[in-house]
Number of protein chains: 2
Amino acid sequence: MSTPQTNDPARNGRFLRALRRESVDATPVWLMRQAGRYLPEYRATRAAAGSFLKMAQTPELACEVTLQPLRRFDLDAAILFSDILTVPDAMGLGLYFVDGEGPKFQHPVRSVADIGKLAVPDMGSSLRYVMDAVRLIRRELDPKIPLIGFSGSPWTLACYMVEGGGSDNYGKVKALALNEPAAMHKLLGIVTEAVIAYLSAQRDAGAQALQVFDTWGGTLSPAMYREFSLPYLARIAAAFKGGAVPLILFGKGNAPHLDALFDSGADAIGVDWTVTMEDAARRNGGRVALQGNLDPAMLYGSPDAVRAQVRNVLDSYRDGNGGSRDGHVFNLGHGMSPDMNPDHVAALVDEVHRYSAR
Amino acid sequence: MSTPQTNDPARNGRFLRALRRESVDATPVWLMRQAGRYLPEYRATRAAAGSFLKMAQTPELACEVTLQPLRRFDLDAAILFSDILTVPDAMGLGLYFVDGEGPKFQHPVRSVADIGKLAVPDMGSSLRYVMDAVRLIRRELDPKIPLIGFSGSPWTLACYMVEGGGSDNYGKVKALALNEPAAMHKLLGIVTEAVIAYLSAQRDAGAQALQVFDTWGGTLSPAMYREFSLPYLARIAAAFKGGAVPLILFGKGNAPHLDALFDSGADAIGVDWTVTMEDAARRNGGRVALQGNLDPAMLYGSPDAVRAQVRNVLDSYRDGNGGSRDGHVFNLGHGMSPDMNPDHVAALVDEVHRYSAR
């Protein structure tokens with residue numbers, strides 16, 4: 001835990017180069033929820049802050065926890081520490097947390113009338129704390145390490161907005177989509193505008209890559225995915241296509257929709273572990289970069305088992321990508337959990353770089 | 001809510017005929033968790049019993065709740081009301097329930113030593129209450145309505161046995177599989193023997209079809225699924241192949257593995273809603289019957305929306321099955337939830353029969 005360990009000039013830009021499918025010296029790696037409760041220093045910051053929201057809304061604290069995993073591990077990117085629900089909160093839904101129950105909204109969106117009251121929030125006021133955090137992190141972070149900004153996808157944000165929190169079966173949001181499809185599309189349209197404004201503001205504040213988390217798109221049938229998630233992802237991708245910062249679309253359970261996602265206009269597609277990287281890369285045929293896809297639960301294996309699993313993922317990608325490891329960003333297929341062992345993360349990161357070195 | 005509404009002799013055996021891919025007068029339908037808390041009469045039986053386990057372990061009460069949905073709806077099959085964890089409970093793990101938290105085990109399997117102590121339970125003693133329930137239901141149920149017996153899959157039972165209850169990421173069971181694969185295979189082998197004995201005893205007691213629920217197989221990577229779930233499903237299918245009762249293998253998230261499942265030896269494969277029936281039927285090419293696959297959350301839509309969704313599923317199957325509706329058992333892609341409206345279930349069942357009538 002000293003300074004970031006980026007003393008190798010050759011790795012500079014490894015992550016951004018891989019997103020452009022350019023050749024790199026080794027496969028870059030970062031991990032979803034790499035800043036989190038599995039790190040004792042995170043738990044200390046969280047305890048001192050008093051609440052999760054206080055930590056996320058205070059730029060100095062968000063900066064501190066963003067940098068913590070970079071001090072421990074030879075990661076190739078940092079990701080802004082923030083909550084996925086900042087945008088609906090700024091729309092007036094009243095985000096709050098109950099210990100052990102996850103995020104909740106005081107004013108969920110339940111009716112056509114509720115949807116009529118929604119507007120794109122002003123990025124310079126109600127979401128200024130996020131942009132301040134981005135600017136501060138860019139100042140404090142090793143200049144060789146790119147910073148990823150992020151947002152939830154329109155469908156995923158709509159899930160929380162309508163359900164009012166997590167859900168077992170997304171009954172309320174799916175009922176709204178079925179019974180009031182025009183209202184649902186209006187909701188998704190407003191959220192999409194807000195997401196584009198939010199990601200643009202993060203880019204302008206210094207984020208060098210952007211990721212959209214479509215965490216709950218995989219809960220939809222193919223027909224509903226094509227109607228209620230994919231078009232809004234594509235609208236976001238179109239807004240950033242050819243711009244200065246690459247866009248990654250991650251989706252849990254998105255394997256059935258990869259062909260459409262490869263043509264969505266995004267620079268990279270993130271996949272979970274229910275598809276092999278070989279299959280994803282073969283179907284991709286070099287259209288975009290791919291990010292993924294180790295099952296996070298593999299971190300519960302021994303360090304040797306973790307290393308073997310890492311090699312399998314790296315080789316799987318290569319086998320589907322014409323024998324080349326380029327165009328691959330190593331990641332988990334979903335976020336880390338609080339009970340994971342930091343030593344196993346160190347083994348993972350080391351093995352990615354060691355085994356993939358060109 | 002009078003007597004079962006099976007006054008139409010033509011429908012006799014509709015469900016069993018569809019499982020054999022024989023022609024039927026209309027597509028048969030049953031619903032996973034059709035006996036459950038969404039029915040007021042179920043809640044009354046549950047309240048009188050005092051506990052869920054008491055209800056499941058008392059043949060008269062299990063019989064009563066099994067029959068309840070058949071009194072309301074024109075369903076084509078009954079399914080034994082029981083818990084998925086009866087077999088590990090009979091192995092001595094000590095099943096109990098905490099309100100709002102789902103099932104738990106007092107003695108989870110955590111080590112190689114724990115696995116060494118496991119044995120196939122005697123069906124005639126510790127699981128006799130299940131067979132008594134099957135015999136009683138067969139006596140009480142309209143003879144025209146087949147009774148389905150069921151079990152959890154080896155992998156799914158192992159998840160509960162090792163985790164000690166539900167889990168967010170199956171870290172303990174996956175760690176055991178990674179770190180001690182030989183022990184994990186020993187565990188799965190014993191559970192598979194127990195499942196075969198359990199299903200055989202249900203068949204001998206009067207069950208006319210059998211379903212295996214691989215609820216958590218879809219949480220595995222393709223490589224781990226092929227190692228830790230599929231071979232044990234195939235072993236069960238082989239044990240019942242060509243026998244008197246058809247076997248259905250249902251798997252949540254099993255779409256990536258359908259080709260292997262179609263060749264597993266099972267008579268029918270149940271799928272969830274993340275794959276279209278058209279795609280599943282096309283890949284199947286008539287090898288087995290297919291069961292599914294409406295997203296259960298569609299039941300939160302209006303009755304008209306439910307009917308439209310039912311028609312989509314029926315047409316999707318037909319389109320992938322060379323224009324024929326035969327070989328299809330209509331079902332949800334997962335179980336029902338307590339807050340669903342029985343009137344919407346009535347609309348679903350009616351629309352399946354009305355729209356698919358040959």
# chains A, B, ... in the order shown; residues from 1 in each chain; ligands from 1
$ interface_residues --of "chain A" --to "chain B" --cutoff "7 Å" --atoms "only C-alpha atoms" --output "ChimeraX atom specification"
/A:169-171,174-175,178-179,220-222,273-276,297-298,300-302,305
$ residues_around --residues "Ile145 (chain A)" --least-positions-apart "3" --cutoff "7 Å" --atoms "only C-alpha atoms" --output "list in words"
Asp76, Ala77, Ala78, Leu141 and Asp142 of chain A
$ select_by_dssp --residues "region 260-309 of chain A" --states "strand (DSSP E)" --output "list of chain:residue names"
A:Ala268, A:Ile269, A:Gly270, A:Ala289, A:Leu290, A:Gln291, A:Gly292, A:Asn293, A:Leu294
$ write_last_selection --atoms "all heavy atoms" --output "compact mmCIF listing (two decimals), in the first residue's frame"
# COMPACT_ATOMS: atom_id res chain seq x y z
N ALA A 268 -16.91 -1.20 -26.68
CA ALA A 268 -16.63 -2.48 -26.03
C ALA A 268 -17.91 -3.01 -25.39
O ALA A 268 -18.76 -2.23 -24.96
CB ALA A 268 -15.54 -2.32 -24.96
N ILE A 269 -18.00 -4.33 -25.32
CA ILE A 269 -19.13 -4.99 -24.68
C ILE A 269 -18.59 -5.84 -23.53
O ILE A 269 -17.67 -6.64 -23.73
CB ILE A 269 -19.92 -5.86 -25.68
CG1 ILE A 269 -20.45 -5.01 -26.84
CG2 ILE A 269 -21.05 -6.61 -24.97
CD1 ILE A 269 -21.43 -3.91 -26.46
N GLY A 270 -19.16 -5.64 -22.33
CA GLY A 270 -18.80 -6.45 -21.17
C GLY A 270 -19.80 -7.57 -20.99
O GLY A 270 -21.01 -7.34 -21.08
N ALA A 289 -14.18 -4.25 -28.83
CA ALA A 289 -13.41 -4.90 -27.78
C ALA A 289 -14.37 -5.65 -26.84
O ALA A 289 -15.56 -5.35 -26.79
CB ALA A 289 -12.62 -3.86 -26.99
N LEU A 290 -13.83 -6.66 -26.14
CA LEU A 290 -14.65 -7.42 -25.19
C LEU A 290 -14.06 -7.30 -23.79
O LEU A 290 -12.83 -7.31 -23.63
CB LEU A 290 -14.70 -8.89 -25.60
CG LEU A 290 -15.54 -9.22 -26.84
CD1 LEU A 290 -15.45 -10.71 -27.15
CD2 LEU A 290 -17.00 -8.83 -26.60
N GLN A 291 -14.94 -7.22 -22.81
CA GLN A 291 -14.51 -7.13 -21.42
C GLN A 291 -15.15 -8.26 -20.62
O GLN A 291 -16.35 -8.50 -20.73
CB GLN A 291 -14.93 -5.78 -20.85
CG GLN A 291 -14.51 -5.58 -19.41
CD GLN A 291 -14.83 -4.17 -18.92
OE1 GLN A 291 -14.10 -3.24 -19.18
NE2 GLN A 291 -15.94 -4.03 -18.21
N GLY A 292 -14.32 -8.94 -19.85
CA GLY A 292 -14.86 -10.00 -19.00
C GLY A 292 -13.84 -11.09 -18.75
O GLY A 292 -12.68 -10.93 -19.07
N ASN A 293 -14.33 -12.21 -18.22
CA ASN A 293 -15.64 -12.50 -17.72
C ASN A 293 -15.59 -13.56 -16.64
O ASN A 293 -16.46 -14.41 -16.56
CB ASN A 293 -16.55 -12.95 -18.88
CG ASN A 293 -16.28 -14.37 -19.33
OD1 ASN A 293 -15.23 -14.96 -19.08
ND2 ASN A 293 -17.27 -14.97 -19.98
N LEU A 294 -14.59 -13.48 -15.75
CA LEU A 294 -14.46 -14.49 -14.70
C LEU A 294 -15.63 -14.40 -13.71
O LEU A 294 -15.98 -13.31 -13.24
CB LEU A 294 -13.14 -14.29 -13.95
CG LEU A 294 -12.80 -15.35 -12.91
CD1 LEU A 294 -12.51 -16.70 -13.58
CD2 LEU A 294 -11.60 -14.93 -12.07
$ residues_around --residues "Phe105 (chain B)" --least-positions-apart "5" --cutoff "10 Å" --atoms "only C-alpha atoms" --output "VMD selection string"
chain B and resid 85 88 to 89 92 to 97 160 to 165
$ residues_around --residues "Leu31 (chain A)" --least-positions-apart "5" --cutoff "9 Å" --atoms "only C-alpha atoms" --output "number ranges by chain"
A: 75, 77, 79, 330-336
$ write_last_selection --atoms "C-alpha atoms" --output "PDB file, in the first residue's frame"
ATOM      1  CA  LEU A  75      -4.793  -2.521 -11.862  1.00  0.00           C
ATOM      2  CA  ALA A  77      -7.876   1.415 -14.624  1.00  0.00           C
ATOM      3  CA  ILE A  79     -13.388   3.490 -11.669  1.00  0.00           C
ATOM      4  CA  PHE A 330      -9.966  -8.694 -18.285  1.00  0.00           C
ATOM      5  CA  ASN A 331     -12.665  -8.259 -15.673  1.00  0.00           C
ATOM      6  CA  LEU A 332     -15.089 -10.218 -13.558  1.00  0.00           C
ATOM      7  CA  GLY A 333     -18.525 -11.018 -14.952  1.00  0.00           C
ATOM      8  CA  HIS A 334     -20.125  -9.058 -12.091  1.00  0.00           C
ATOM      9  CA  GLY A 335     -19.077  -7.105  -9.007  1.00  0.00           C
ATOM     10  CA  MET A 336     -16.961  -8.276  -6.062  1.00  0.00           C
TER      11      MET A 336
END
$ closest_residue --among "B:Ala237, B:Val24, B:Ala281, B:Leu247" --to "Gly265 (chain B)" --atoms "only C-alpha atoms"
B:Ala237
$ residues_around --residues "Pro69 (chain A)" --least-positions-apart "4" --cutoff "9 Å" --atoms "only C-alpha atoms" --output "short mmCIF file (atom, residue, chain, number, x, y, z; two decimals) with N, CA, C and O atoms, in the first residue's frame"
data_model
loop_
_atom_site.label_atom_id
_atom_site.label_comp_id
_atom_site.auth_asym_id
_atom_site.auth_seq_id
_atom_site.Cartn_x
_atom_site.Cartn_y
_atom_site.Cartn_z
N MET A 1 0.83 -1.22 0.00
CA MET A 1 0.00 0.00 0.00
C MET A 1 0.86 1.25 0.00
O MET A 1 0.87 2.02 0.94
N GLN A 34 -14.14 -2.93 -7.56
CA GLN A 34 -12.79 -3.11 -7.01
C GLN A 34 -12.57 -2.23 -5.78
O GLN A 34 -11.72 -2.54 -4.94
N ALA A 35 -13.30 -1.13 -5.69
CA ALA A 35 -13.31 -0.31 -4.47
C ALA A 35 -14.51 -0.76 -3.67
O ALA A 35 -15.65 -0.52 -4.06
N GLY A 36 -14.24 -1.41 -2.53
CA GLY A 36 -15.41 -1.93 -1.81
C GLY A 36 -15.06 -2.56 -0.48
O GLY A 36 -13.91 -2.54 -0.03
N LEU A 39 -12.05 -4.55 1.21
CA LEU A 39 -10.79 -3.90 1.62
C LEU A 39 -10.95 -3.27 3.01
O LEU A 39 -11.84 -2.45 3.23
N VAL A 65 -11.57 6.31 -1.67
CA VAL A 65 -11.91 4.90 -1.87
C VAL A 65 -11.70 4.47 -3.33
O VAL A 65 -11.40 3.31 -3.60
N PHE A 73 -3.11 -3.02 -5.77
CA PHE A 73 -3.04 -3.95 -6.90
C PHE A 73 -2.60 -3.21 -8.15
O PHE A 73 -2.89 -2.03 -8.33
N ASP A 74 -1.98 -3.95 -9.04
CA ASP A 74 -1.43 -3.39 -10.28
C ASP A 74 -2.55 -3.30 -11.33
O ASP A 74 -2.42 -3.81 -12.45
N LEU A 75 -3.63 -2.62 -10.97
CA LEU A 75 -4.79 -2.52 -11.86
C LEU A 75 -4.52 -1.52 -12.99
O LEU A 75 -3.79 -0.56 -12.82
N ALA A 78 -8.83 2.86 -12.96
CA ALA A 78 -9.62 3.19 -11.78
C ALA A 78 -11.05 3.41 -12.23
O ALA A 78 -11.29 3.79 -13.38
#
$ closest_residue --among "B:Ala47, B:Ala183, B:Leu233, B:Ile190" --to "Met91 (chain B)" --atoms "only C-alpha atoms"
B:Ile190
$ atom_distance --atom1 "CA of Glu227 (chain B)" --atom2 "CA of Met184 (chain B)"
10.4 Å
$ closest_residue --among "B:Asp114, B:Glu22, B:Glu64, B:Glu351" --to "Ser82 (chain B)" --atoms "only C-alpha atoms"
B:Glu64
$ atom_distance --atom1 "CA of Arg21 (chain B)" --atom2 "CA of Val352 (chain B)"
17.4 Å
$ select_by_dssp --residues "region 43-185 of chain A" --states "alpha helix (DSSP H)" --output "ChimeraX atom specification"
/A:43-49,52-57,59-72,86-88,112-116,128-140,154-163,171-179,181-185
